[in-house]
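Visitor: Input protein-v6.tsv, format and content: TSV, C-alpha atoms.
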```tsv
chain	number	residue	atom	x	y	z
A	56	MET	CA	59.04	79.10	102.08
A	57	VAL	CA	62.29	77.64	103.41
A	58	ILE	CA	65.36	77.50	101.20
A	59	GLU	CA	68.04	74.96	102.10
A	60	ILE	CA	71.58	75.28	100.78
A	61	SER	CA	74.29	72.72	101.35
A	62	MET	CA	77.41	73.98	103.11
A	63	SER	CA	79.47	72.45	100.33
A	64	VAL	CA	78.47	75.51	98.25
A	65	LEU	CA	80.93	77.44	100.42
A	66	LEU	CA	83.62	74.98	99.38
A	67	ILE	CA	82.85	75.55	95.70
A	68	ALA	CA	83.15	79.32	96.12
A	69	TYR	CA	86.36	78.78	98.09
A	70	GLY	CA	87.72	76.52	95.36
A	71	VAL	CA	87.07	79.13	92.68
A	72	LEU	CA	88.90	81.81	94.70
A	73	VAL	CA	91.82	79.47	95.40
A	74	LEU	CA	92.03	78.76	91.67
A	75	ALA	CA	92.17	82.51	90.96
A	76	PHE	CA	94.89	82.83	93.59
A	77	LEU	CA	96.91	80.00	92.02
A	78	ILE	CA	96.69	81.56	88.56
A	79	PHE	CA	98.00	84.91	89.79
A	80	ALA	CA	100.65	83.17	91.91
A	81	LEU	CA	101.90	81.26	88.86
A	82	VAL	CA	101.96	84.46	86.81
A	83	ASN	CA	104.12	86.11	89.48
A	84	LEU	CA	106.44	83.09	89.62
A	85	TYR	CA	106.72	83.14	85.83
A	86	HIS	CA	107.75	86.80	85.89
A	87	ILE	CA	110.40	86.24	88.55
A	88	LEU	CA	111.85	83.24	86.72
A	89	LYS	CA	111.81	84.82	83.27
A	90	PHE	CA	112.70	88.44	83.95
A	91	GLY	CA	114.23	88.44	87.41
A	92	PHE	CA	117.96	88.64	88.04
A	93	LEU	CA	117.84	85.57	90.20
A	94	GLY	CA	119.70	85.65	93.49
A	95	PHE	CA	119.40	84.82	97.15
A	96	GLU	CA	116.73	87.44	97.91
A	97	SER	CA	114.39	86.34	95.10
A	98	PHE	CA	114.86	82.70	96.09
A	99	PHE	CA	114.25	83.46	99.78
A	100	VAL	CA	111.09	85.55	99.24
A	101	THR	CA	109.71	82.99	96.78
A	102	PHE	CA	110.34	80.28	99.36
A	103	ILE	CA	108.51	82.32	102.04
A	104	PHE	CA	105.58	82.82	99.66
A	105	ILE	CA	105.28	79.14	98.73
A	106	ALA	CA	105.78	77.99	102.33
A	107	GLY	CA	103.20	80.52	103.56
A	108	THR	CA	100.70	79.34	100.95
A	109	ILE	CA	101.18	75.69	101.91
A	110	LEU	CA	100.85	76.60	105.60
A	111	VAL	CA	97.57	78.49	105.09
A	112	LEU	CA	96.09	75.69	102.97
A	113	PHE	CA	97.24	73.06	105.48
A	114	ILE	CA	95.73	74.92	108.46
A	115	THR	CA	92.49	75.43	106.50
A	116	TYR	CA	92.38	71.71	105.74
A	117	LYS	CA	93.10	70.72	109.35
A	118	LEU	CA	90.37	72.99	110.72
A	119	GLY	CA	87.93	72.30	107.88
A	120	VAL	CA	88.13	68.51	107.95
A	121	GLU	CA	86.31	68.52	111.30
A	122	ILE	CA	83.30	70.29	109.76
A	123	ASP	CA	80.37	68.34	108.35
A	124	TRP	CA	80.09	69.93	104.89
A	125	THR	CA	77.00	67.89	103.99
A	126	GLN	CA	74.90	69.91	106.39
A	127	THR	CA	72.35	72.29	104.96
A	128	ILE	CA	71.73	75.90	105.88
A	129	ALA	CA	68.07	76.87	106.00
A	130	PHE	CA	66.84	80.38	105.15
B	75	MET	CA	129.10	87.67	87.40
B	76	TYR	CA	125.47	86.53	86.96
B	77	ILE	CA	124.01	89.99	86.41
B	78	GLU	CA	126.71	91.04	83.93
B	79	LYS	CA	126.01	87.97	81.80
B	80	HIS	CA	122.31	88.84	81.71
B	81	ILE	CA	122.55	92.49	80.64
B	82	PRO	CA	119.94	92.90	77.87
B	83	ASN	CA	121.50	93.05	74.36
B	84	ARG	CA	124.98	93.10	75.84
B	85	GLN	CA	127.56	94.58	73.45
B	86	LYS	CA	131.14	93.52	72.97
B	87	GLY	CA	133.41	95.13	75.56
B	88	GLU	CA	130.45	96.28	77.64
B	89	ASN	CA	130.97	96.05	81.39
B	90	LEU	CA	128.58	96.58	84.25
B	91	VAL	CA	129.17	99.74	86.27
B	92	LEU	CA	125.97	100.09	88.31
B	93	PHE	CA	123.05	97.77	88.95
B	94	LEU	CA	120.34	99.64	90.81
B	95	ARG	CA	117.02	98.91	92.41
B	96	ARG	CA	114.82	100.96	94.68
B	97	HIS	CA	116.02	101.34	98.26
B	98	TRP	CA	115.12	98.38	100.50
B	99	ILE	CA	112.95	100.59	102.72
B	100	ILE	CA	110.40	100.82	99.88
B	101	ILE	CA	109.65	97.09	99.85
B	102	VAL	CA	109.82	96.91	103.67
B	103	GLY	CA	107.18	99.66	103.85
B	104	HIS	CA	104.87	97.65	101.59
B	105	TRP	CA	105.48	94.50	103.63
B	106	LEU	CA	104.76	96.24	106.94
B	107	PHE	CA	101.43	97.35	105.53
B	108	TYR	CA	100.54	93.76	104.58
B	109	ILE	CA	101.67	92.48	107.99
B	110	PHE	CA	99.31	95.02	109.55
B	111	LEU	CA	96.50	93.76	107.30
B	112	ALA	CA	97.31	90.19	108.39
B	113	LEU	CA	96.72	91.15	112.02
B	114	ILE	CA	93.21	92.46	111.38
B	115	PRO	CA	91.48	89.03	111.31
B	116	LEU	CA	93.11	88.15	114.64
B	117	GLY	CA	91.68	91.28	116.22
B	118	PHE	CA	88.35	90.51	114.58
B	119	TYR	CA	88.44	86.96	116.00
B	120	PHE	CA	89.06	88.13	119.57
B	121	PHE	CA	86.34	90.74	119.20
B	122	ILE	CA	83.79	88.12	118.11
B	123	GLU	CA	84.92	85.65	120.78
B	124	TYR	CA	84.31	88.13	123.59
B	125	GLN	CA	81.35	90.07	122.22
B	126	PHE	CA	79.44	87.43	120.22
B	127	PRO	CA	80.70	84.01	121.43
B	128	ASN	CA	77.60	82.21	120.10
B	129	LEU	CA	78.58	83.07	116.53
B	130	LEU	CA	81.57	80.75	116.64
B	131	THR	CA	79.61	77.83	118.07
B	132	THR	CA	77.30	77.52	115.06
B	133	GLU	CA	79.01	75.31	112.53
B	134	TYR	CA	78.05	77.14	109.32
B	135	THR	CA	79.22	80.50	110.69
B	136	TYR	CA	82.47	78.90	111.79
B	137	ALA	CA	82.90	77.28	108.35
B	138	PHE	CA	82.18	80.56	106.57
B	139	LEU	CA	84.63	82.52	108.72
B	140	LEU	CA	87.28	79.81	108.34
B	141	LEU	CA	87.11	79.89	104.53
B	142	LEU	CA	86.93	83.69	104.50
B	143	ALA	CA	90.04	83.96	106.69
B	144	SER	CA	91.84	81.40	104.53
B	145	ILE	CA	91.14	83.34	101.33
B	146	TYR	CA	92.04	86.62	103.04
B	147	TYR	CA	95.45	85.30	104.10
B	148	LEU	CA	96.13	83.71	100.72
B	149	PHE	CA	95.52	87.02	98.97
B	150	ILE	CA	97.60	88.90	101.57
B	151	LEU	CA	100.44	86.51	100.69
B	152	LEU	CA	99.80	87.09	96.99
B	153	PHE	CA	99.95	90.88	97.32
B	154	PHE	CA	103.03	90.50	99.55
B	155	TYR	CA	104.77	88.50	96.81
B	156	TYR	CA	103.51	90.75	94.02
B	157	ALA	CA	104.97	93.78	95.84
B	158	PHE	CA	108.35	92.01	95.84
B	159	VAL	CA	108.08	91.00	92.16
B	160	ASP	CA	107.28	94.60	91.21
B	161	TYR	CA	110.20	95.87	93.32
B	162	HIS	CA	112.60	93.20	92.07
B	163	LEU	CA	111.86	93.65	88.36
B	164	ASP	CA	112.36	97.43	88.34
B	165	VAL	CA	116.06	97.84	87.66
B	166	TRP	CA	118.37	100.50	86.28
B	167	ILE	CA	121.61	99.37	84.74
B	168	VAL	CA	124.56	101.58	83.94
B	169	THR	CA	127.35	100.12	81.87
B	170	ASN	CA	130.43	101.69	80.32
B	171	LYS	CA	128.40	102.13	77.11
B	172	ARG	CA	124.68	102.51	77.98
B	173	ILE	CA	122.06	103.17	80.56
B	174	ILE	CA	119.16	100.75	80.63
B	175	ASN	CA	115.81	101.35	82.29
B	176	ILE	CA	113.69	98.27	82.98
B	177	GLU	CA	110.33	98.84	84.63
B	178	GLN	CA	107.58	96.38	85.37
B	179	LYS	CA	104.26	98.25	85.37
B	180	GLY	CA	101.68	95.81	86.64
B	181	LEU	CA	101.75	92.12	85.80
B	182	PHE	CA	101.41	92.37	82.03
B	183	ASN	CA	103.22	95.58	81.18
B	184	ARG	CA	107.01	95.66	80.89
B	185	PHE	CA	108.99	98.66	79.71
B	186	ILE	CA	112.64	98.54	78.63
B	187	SER	CA	114.48	101.59	77.38
B	188	GLU	CA	118.17	102.13	76.76
B	189	HIS	CA	120.42	104.96	75.67
B	190	GLU	CA	124.06	105.23	74.78
B	191	LEU	CA	126.04	107.36	77.17
B	192	GLU	CA	126.81	109.84	74.36
B	193	LYS	CA	123.17	110.89	74.31
B	194	ILE	CA	123.06	111.89	77.95
B	195	GLN	CA	122.66	115.64	78.27
B	196	ASP	CA	122.04	116.23	81.94
B	197	VAL	CA	122.30	114.28	85.19
B	198	THR	CA	120.48	115.51	88.29
B	199	ALA	CA	120.23	113.89	91.72
B	200	GLU	CA	117.56	114.77	94.24
B	201	GLN	CA	116.69	113.71	97.75
B	202	LYS	CA	113.36	114.73	99.26
B	203	GLY	CA	111.89	114.01	102.66
B	204	VAL	CA	112.96	113.09	106.18
B	205	LEU	CA	113.24	109.34	105.61
B	206	ALA	CA	115.03	109.82	102.30
B	207	THR	CA	117.56	112.13	103.95
B	208	PHE	CA	118.34	109.83	106.86
B	209	LEU	CA	118.43	106.65	104.77
B	210	SER	CA	120.14	108.41	101.87
B	211	TYR	CA	117.94	107.48	98.96
B	212	GLY	CA	116.40	109.55	96.19
B	213	ASN	CA	115.94	110.02	92.47
B	214	VAL	CA	118.48	110.44	89.71
B	215	LEU	CA	117.12	112.23	86.65
B	216	VAL	CA	119.00	111.56	83.43
B	217	GLN	CA	118.04	113.77	80.53
B	218	THR	CA	118.78	112.27	77.13
B	219	ALA	CA	118.61	113.24	73.46
B	220	GLY	CA	116.45	110.30	72.51
B	221	GLU	CA	112.87	109.17	72.13
B	222	VAL	CA	112.56	108.82	75.89
B	223	PRO	CA	113.77	112.27	76.97
B	224	MET	CA	114.14	111.49	80.67
B	225	PHE	CA	115.24	108.43	82.60
B	226	ILE	CA	114.35	108.53	86.25
B	227	PHE	CA	116.17	106.20	88.63
B	228	ARG	CA	113.53	106.16	91.34
B	229	GLN	CA	114.29	105.93	95.06
B	230	VAL	CA	117.77	104.49	94.56
B	231	ASP	CA	120.43	104.29	97.23
B	232	ASN	CA	122.97	107.16	97.35
B	233	PRO	CA	121.62	109.16	94.40
B	234	PHE	CA	124.45	111.71	94.50
B	235	GLU	CA	127.05	108.95	94.28
B	236	VAL	CA	125.15	107.44	91.33
B	237	ALA	CA	125.08	110.82	89.55
B	238	LYS	CA	128.78	111.24	90.27
B	239	GLN	CA	129.61	107.84	88.75
B	240	ILE	CA	127.55	108.56	85.62
B	241	ASN	CA	129.30	111.92	85.22
B	242	HIS	CA	132.61	110.15	85.64
B	243	LEU	CA	131.71	107.82	82.76
B	244	LEU	CA	130.67	110.77	80.61
B	245	LYS	CA	134.08	112.40	81.07
B	246	ASP	CA	135.64	109.43	79.25
B	247	ILE	CA	133.60	110.17	76.13
B	248	PRO	CA	135.48	112.27	73.51
B	249	PRO	CA	133.89	115.76	73.17
B	250	GLU	CA	133.10	115.31	69.47
B	251	LYS	CA	130.84	112.35	70.33
B	252	ARG	CA	128.84	114.12	72.97
B	253	ILE	CA	125.38	115.42	72.12
B	254	GLY	CA	125.37	118.27	74.66
B	255	LEU	CA	126.33	117.72	78.22
B	256	LYS	CA	125.78	119.73	81.32
B	257	THR	CA	125.84	118.49	84.86
B	258	LYS	CA	124.32	119.84	88.02
B	259	GLU	CA	123.33	118.38	91.39
B	260	ALA	CA	120.21	119.61	93.09
B	261	LEU	CA	119.59	118.88	96.69
B	262	ASN	CA	116.03	119.38	97.87
B	263	THR	CA	115.51	118.43	101.44
B	264	LYS	CA	112.31	119.10	103.29
B	265	ILE	CA	112.10	118.59	107.00
```
In structure tokens, write the structure found in this file.

Guide:
Amino acid sequence: MVIEISMSVLLIAYGVLVLAFLIFALVNLYHILKFGFLGFESFFVTFIFIAGTILVLFITYKLGVEIDWTQTIAF
Amino acid sequence: MYIEKHIPNRQKGENLVLFLRRHWIIIVGHWLFYIFLALIPLGFYFFIEYQFPNLLTTEYTYAFLLLLASIYYLFILLFFYYAFVDYHLDVWIVTNKRIINIEQKGLFNRFISEHELEKIQDVTAEQKGVLATFLSYGNVLVQTAGEVPMFIFRQVDNPFEVAKQINHLLKDIPPEKRIGLKTKEALNTKI
């Protein structure tokens, strides 16, 4: 018996993990904004974090857009 | 000053004397660890490319590894930022009237404790370890006559200077207001 799974399932799992990441990222940002004694260092590190996140997501998109996600994987 | 305006429950005539966080080497140590973790996938990639080159030519394996690496780096960034948030939110504030201990324990656990200077009974500074000795950081232990019997200023810069400044503030308190006071400095260095 051959089981075929679409590669888009990987994207769904990826989406769920990215959502979890975003929730925790927002919680961290909330803590810094509400309880942090805001200054240059907190602004700079937050900027690095947000820029790094955007960079990783952008590179993933650029490399992933070339993949045919409608393909199926057969087991 | 921004920090002075944001002292919790600031009293009239209260001025900031010390605003302390852990020594910068603590957060740098955490960050170096995460930078090391970030290099692991690169090593893994070169290993696969030279040992199992066929793995990267199949599209579903490539897609899986791409998404896995993406999630890995996102969570490295998250832990990197969380380490900073934890470091940044742990502060110890000494004013001319109180000492305030603010500690963030995890994401959803925040602890704030304060004591008037009159309740301080003992101030001890300690410095342990090679790195602590060369970079001059350590702990300041403040014993109080309150519900929280001990404040510990952890891994702060120049702990002996901090203890000295607190003792200096205590000398300005009239004797009849003091609830027991003794001072000592303990130096423990281990090489």

Visitor: Could you tell me how far atom CA of A:Leu110 sits from atom CA of B:Tyr134, in Å to one decimal place?

Guide: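 Atom-to-atom, atom CA of B:Tyr134 to atom CA of A:Leu110, that is 23.1 Å.
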
Visitor: Using only C-alpha atoms, find which residues of chain B lie within 9 Å of chain A and jot them down as number ranges by chain.

Guide: B: 76-77, 80, 133-134, 136-138, 140-145, 147-149, 151-152, 154-156, 158-159, 162-163, 181

Visitor: Could those selected residues go to a file with C-alpha atoms, as an mmCIF file, keeping the file's coordinate frame?

Guide:
```cif
data_model
loop_
_atom_site.group_PDB
_atom_site.id
_atom_site.type_symbol
_atom_site.label_atom_id
_atom_site.label_comp_id
_atom_site.auth_asym_id
_atom_site.auth_seq_id
_atom_site.Cartn_x
_atom_site.Cartn_y
_atom_site.Cartn_z
ATOM 1 C CA TYR B 76 125.470 86.530 86.960
ATOM 2 C CA ILE B 77 124.010 89.990 86.410
ATOM 3 C CA HIS B 80 122.310 88.840 81.710
ATOM 4 C CA GLU B 133 79.010 75.310 112.530
ATOM 5 C CA TYR B 134 78.050 77.140 109.320
ATOM 6 C CA TYR B 136 82.470 78.900 111.790
ATOM 7 C CA ALA B 137 82.900 77.280 108.350
ATOM 8 C CA PHE B 138 82.180 80.560 106.570
ATOM 9 C CA LEU B 140 87.280 79.810 108.340
ATOM 10 C CA LEU B 141 87.110 79.890 104.530
ATOM 11 C CA LEU B 142 86.930 83.690 104.500
ATOM 12 C CA ALA B 143 90.040 83.960 106.690
ATOM 13 C CA SER B 144 91.840 81.400 104.530
ATOM 14 C CA ILE B 145 91.140 83.340 101.330
ATOM 15 C CA TYR B 147 95.450 85.300 104.100
ATOM 16 C CA LEU B 148 96.130 83.710 100.720
ATOM 17 C CA PHE B 149 95.520 87.020 98.970
ATOM 18 C CA LEU B 151 100.440 86.510 100.690
ATOM 19 C CA LEU B 152 99.800 87.090 96.990
ATOM 20 C CA PHE B 154 103.030 90.500 99.550
ATOM 21 C CA TYR B 155 104.770 88.500 96.810
ATOM 22 C CA TYR B 156 103.510 90.750 94.020
ATOM 23 C CA PHE B 158 108.350 92.010 95.840
ATOM 24 C CA VAL B 159 108.080 91.000 92.160
ATOM 25 C CA HIS B 162 112.600 93.200 92.070
ATOM 26 C CA LEU B 163 111.860 93.650 88.360
ATOM 27 C CA LEU B 181 101.750 92.120 85.800
#
```

Visitor: I'd like the contact shell of stretch 167-179 of chain B - 9 Å cut-off, only C-alpha atoms, skipping same-chain residues fewer than 2 positions apart - returned as JSON, numbers by chain.

Guide: {"B": [81, 82, 85, 87, 88, 89, 90, 91, 92, 93, 94, 95, 159, 160, 161, 162, 163, 164, 165, 181, 182, 183, 184, 185, 186, 187, 188, 189, 190, 191, 192, 225, 226, 227, 240, 243]}

Visitor: Include C-alpha atoms and write out the residues we just selected as a PDB file, in the frame of the given file.

Guide:
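out-v6.pdb written:
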```pdb
ATOM      1  CA  ILE B  81     122.550  92.490  80.640  1.00  0.00           C
ATOM      2  CA  PRO B  82     119.940  92.900  77.870  1.00  0.00           C
ATOM      3  CA  GLN B  85     127.560  94.580  73.450  1.00  0.00           C
ATOM      4  CA  GLY B  87     133.410  95.130  75.560  1.00  0.00           C
ATOM      5  CA  GLU B  88     130.450  96.280  77.640  1.00  0.00           C
ATOM      6  CA  ASN B  89     130.970  96.050  81.390  1.00  0.00           C
ATOM      7  CA  LEU B  90     128.580  96.580  84.250  1.00  0.00           C
ATOM      8  CA  VAL B  91     129.170  99.740  86.270  1.00  0.00           C
ATOM      9  CA  LEU B  92     125.970 100.090  88.310  1.00  0.00           C
ATOM     10  CA  PHE B  93     123.050  97.770  88.950  1.00  0.00           C
ATOM     11  CA  LEU B  94     120.340  99.640  90.810  1.00  0.00           C
ATOM     12  CA  ARG B  95     117.020  98.910  92.410  1.00  0.00           C
ATOM     13  CA  VAL B 159     108.080  91.000  92.160  1.00  0.00           C
ATOM     14  CA  ASP B 160     107.280  94.600  91.210  1.00  0.00           C
ATOM     15  CA  TYR B 161     110.200  95.870  93.320  1.00  0.00           C
ATOM     16  CA  HIS B 162     112.600  93.200  92.070  1.00  0.00           C
ATOM     17  CA  LEU B 163     111.860  93.650  88.360  1.00  0.00           C
ATOM     18  CA  ASP B 164     112.360  97.430  88.340  1.00  0.00           C
ATOM     19  CA  VAL B 165     116.060  97.840  87.660  1.00  0.00           C
ATOM     20  CA  LEU B 181     101.750  92.120  85.800  1.00  0.00           C
ATOM     21  CA  PHE B 182     101.410  92.370  82.030  1.00  0.00           C
ATOM     22  CA  ASN B 183     103.220  95.580  81.180  1.00  0.00           C
ATOM     23  CA  ARG B 184     107.010  95.660  80.890  1.00  0.00           C
ATOM     24  CA  PHE B 185     108.990  98.660  79.710  1.00  0.00           C
ATOM     25  CA  ILE B 186     112.640  98.540  78.630  1.00  0.00           C
ATOM     26  CA  SER B 187     114.480 101.590  77.380  1.00  0.00           C
ATOM     27  CA  GLU B 188     118.170 102.130  76.760  1.00  0.00           C
ATOM     28  CA  HIS B 189     120.420 104.960  75.670  1.00  0.00           C
ATOM     29  CA  GLU B 190     124.060 105.230  74.780  1.00  0.00           C
ATOM     30  CA  LEU B 191     126.040 107.360  77.170  1.00  0.00           C
ATOM     31  CA  GLU B 192     126.810 109.840  74.360  1.00  0.00           C
ATOM     32  CA  PHE B 225     115.240 108.430  82.600  1.00  0.00           C
ATOM     33  CA  ILE B 226     114.350 108.530  86.250  1.00  0.00           C
ATOM     34  CA  PHE B 227     116.170 106.200  88.630  1.00  0.00           C
ATOM     35  CA  ILE B 240     127.550 108.560  85.620  1.00  0.00           C
ATOM     36  CA  LEU B 243     131.710 107.820  82.760  1.00  0.00           C
TER      37      LEU B 243
END
```

Visitor: In Å, rounded to a single decimal, give me how far atom CA of B:Gly212 is from atom CA of B:Asn232.

Guide: 7.1 Å

Visitor: Please report the interatomic distance between atom CA of B:Met224 and atom CA of B:Gln195 in Å with one decimal.

Guide: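 If I compute the distance from atom CA of B:Met224 to atom CA of B:Gln195, I get 9.8 Å.
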
Visitor: Can you report as JSON the centre and edge lengths in Å, to one decimal, of an axis-aligned box around the listed atoms of stretch 149-165 of chain B padded with 4 Å on each side?

Guide:
```
{"center_x": 105.8, "center_y": 92.2, "center_z": 94.6, "size_x": 28.5, "size_y": 19.3, "size_z": 21.9}
```

Visitor: Set the distance at 10 Å and use all atoms listed in the file: which residues neighbour B:Tyr108 once local chain neighbours fewer than 4 positions away are removed? I'd like the list as a count of residues only.

Guide: 11

Visitor: Could you pull the residues within 10 Å of B:Pro233, counting all atoms listed in the file, minus those fewer than 4 positions along the same chain, as a PyMOL selection string?

Guide: chain B and resi 198-201+210-215+227-229+237-239+259

Visitor: Include C-alpha atoms and write out the residues we just selected as a compact mmCIF listing (two decimals), in the coordinates of the input.

Guide:
```txt
# COMPACT_ATOMS: atom_id res chain seq x y z
CA THR B 198 120.48 115.51 88.29
CA ALA B 199 120.23 113.89 91.72
CA GLU B 200 117.56 114.77 94.24
CA GLN B 201 116.69 113.71 97.75
CA SER B 210 120.14 108.41 101.87
CA TYR B 211 117.94 107.48 98.96
CA GLY B 212 116.40 109.55 96.19
CA ASN B 213 115.94 110.02 92.47
CA VAL B 214 118.48 110.44 89.71
CA LEU B 215 117.12 112.23 86.65
CA PHE B 227 116.17 106.20 88.63
CA ARG B 228 113.53 106.16 91.34
CA GLN B 229 114.29 105.93 95.06
CA ALA B 237 125.08 110.82 89.55
CA LYS B 238 128.78 111.24 90.27
CA GLN B 239 129.61 107.84 88.75
CA GLU B 259 123.33 118.38 91.39
```
